[in-house]
Amino acid sequence: MLQLQLLSSPPLTPQTVNLNSISNPKLFPSFSSLNSSQTRSFKFNPLSKPSKFSLKCRQSEYFDQKQRFNDSSSSSSPSSLGLPARFYVGHSIYKGKAALTVEPRAPEFVPLDSGAFKISREGFVLLQFAPAAGVRQYDWSRKQVFSLSVTEIGTLISLGMRESCEFFHDPFKGKSDEGKVRKVLKVEPLPDGSGHFFNLGVQNKLLNVDENVYIPITRGEFTVLKSAFSFILPYLLGWHAFANSTKPDDTSRANNANPRYGGDYEWSR
């Protein structure tokens, strides 16, 4: 808020001062930016006590509101609330007949009464196969998915260039619709030994779907997949959460509290 105090020592008659003259930069350059839509004139009596008047700029209200909005927006962001940032990653391979996308899925934990957490579901790697719909075009509305468990991932990691494997899934196993959906993923070497075929067959009697999608994976592409699988495997098991929660002080307290705990117990017998 801008305040202006007017003082006058010589006796003068009451006058009217026009703010249009104040806005003249030649006479009052400091008031040249005042909004012309505000009050234009006021009266004062120099014989009375010094009077005060204030001029409020509407522009300041705009900046105040904008600042409050920015503060509220920043305070509600995940980083300011202490929430961990989420990242979504994946790797795709595009070929003439189909496309393959590989995405990891994190494990799930449940809280215990002690305040700790226990893994309730291991993570997995989701394979998504989409058939080609044209040149460099793929119909993702017809995609078929296959979830690789940690054991199946280990099988692929250890697979040699001349070796093959096969995985069978029934999403409704143990339920009333068991046998109505069958998924078979075959990984077989190419005839010339330059890579592997990934062949996914899906039979869904509930939706009347019988589809087969295959895509050739070169040796280099297969090496990339195996390297990514090897890296993500401990995270799918949830072991990173255990490693991050382990501290030297906690380990020493556990050893002191229970002498049977720790790897050195075997050597101290």
# chains A, B, ... in the order shown; residues from 1 in each chain; ligands from 1

call {"tool": "residues_around", "arguments": {"residues": "Phe124 (chain A)", "least_positions_apart": "3", "cutoff": "12 Å", "atoms": "only C-alpha atoms", "output": "count of residues only"}}
result
26

call {"tool": "closest_residue", "arguments": {"among": "A:Leu200, A:Ala132, A:Gly193, A:Arg142", "to": "Phe168 (chain A)", "atoms": "only C-alpha atoms"}}
result
A:Leu200

call {"tool": "residues_around", "arguments": {"residues": "Val202 (chain A)", "least_positions_apart": "4", "cutoff": "7 Å", "atoms": "only C-alpha atoms", "output": "PyMOL selection string"}}
result
chain A and resi 182-184+210-212

call {"tool": "atom_distance", "arguments": {"atom1": "CA of Gln128 (chain A)", "atom2": "CA of Thr101 (chain A)"}}
result
5.2 Å

call {"tool": "closest_atom_pairs", "arguments": {"of": "region 172-196 of chain A", "to": "region 217-222 of chain A", "cutoff": "9 Å", "atoms": "only C-alpha atoms", "output": "CSV"}}
result
residue,atom,partner,partner_atom,distance
A:Leu190,CA,A:Ile217,CA,8.7
A:Gly193,CA,A:Arg219,CA,8.4
A:Ser194,CA,A:Arg219,CA,5.7
A:Gly195,CA,A:Thr218,CA,4.2
A:His196,CA,A:Ile217,CA,5.2
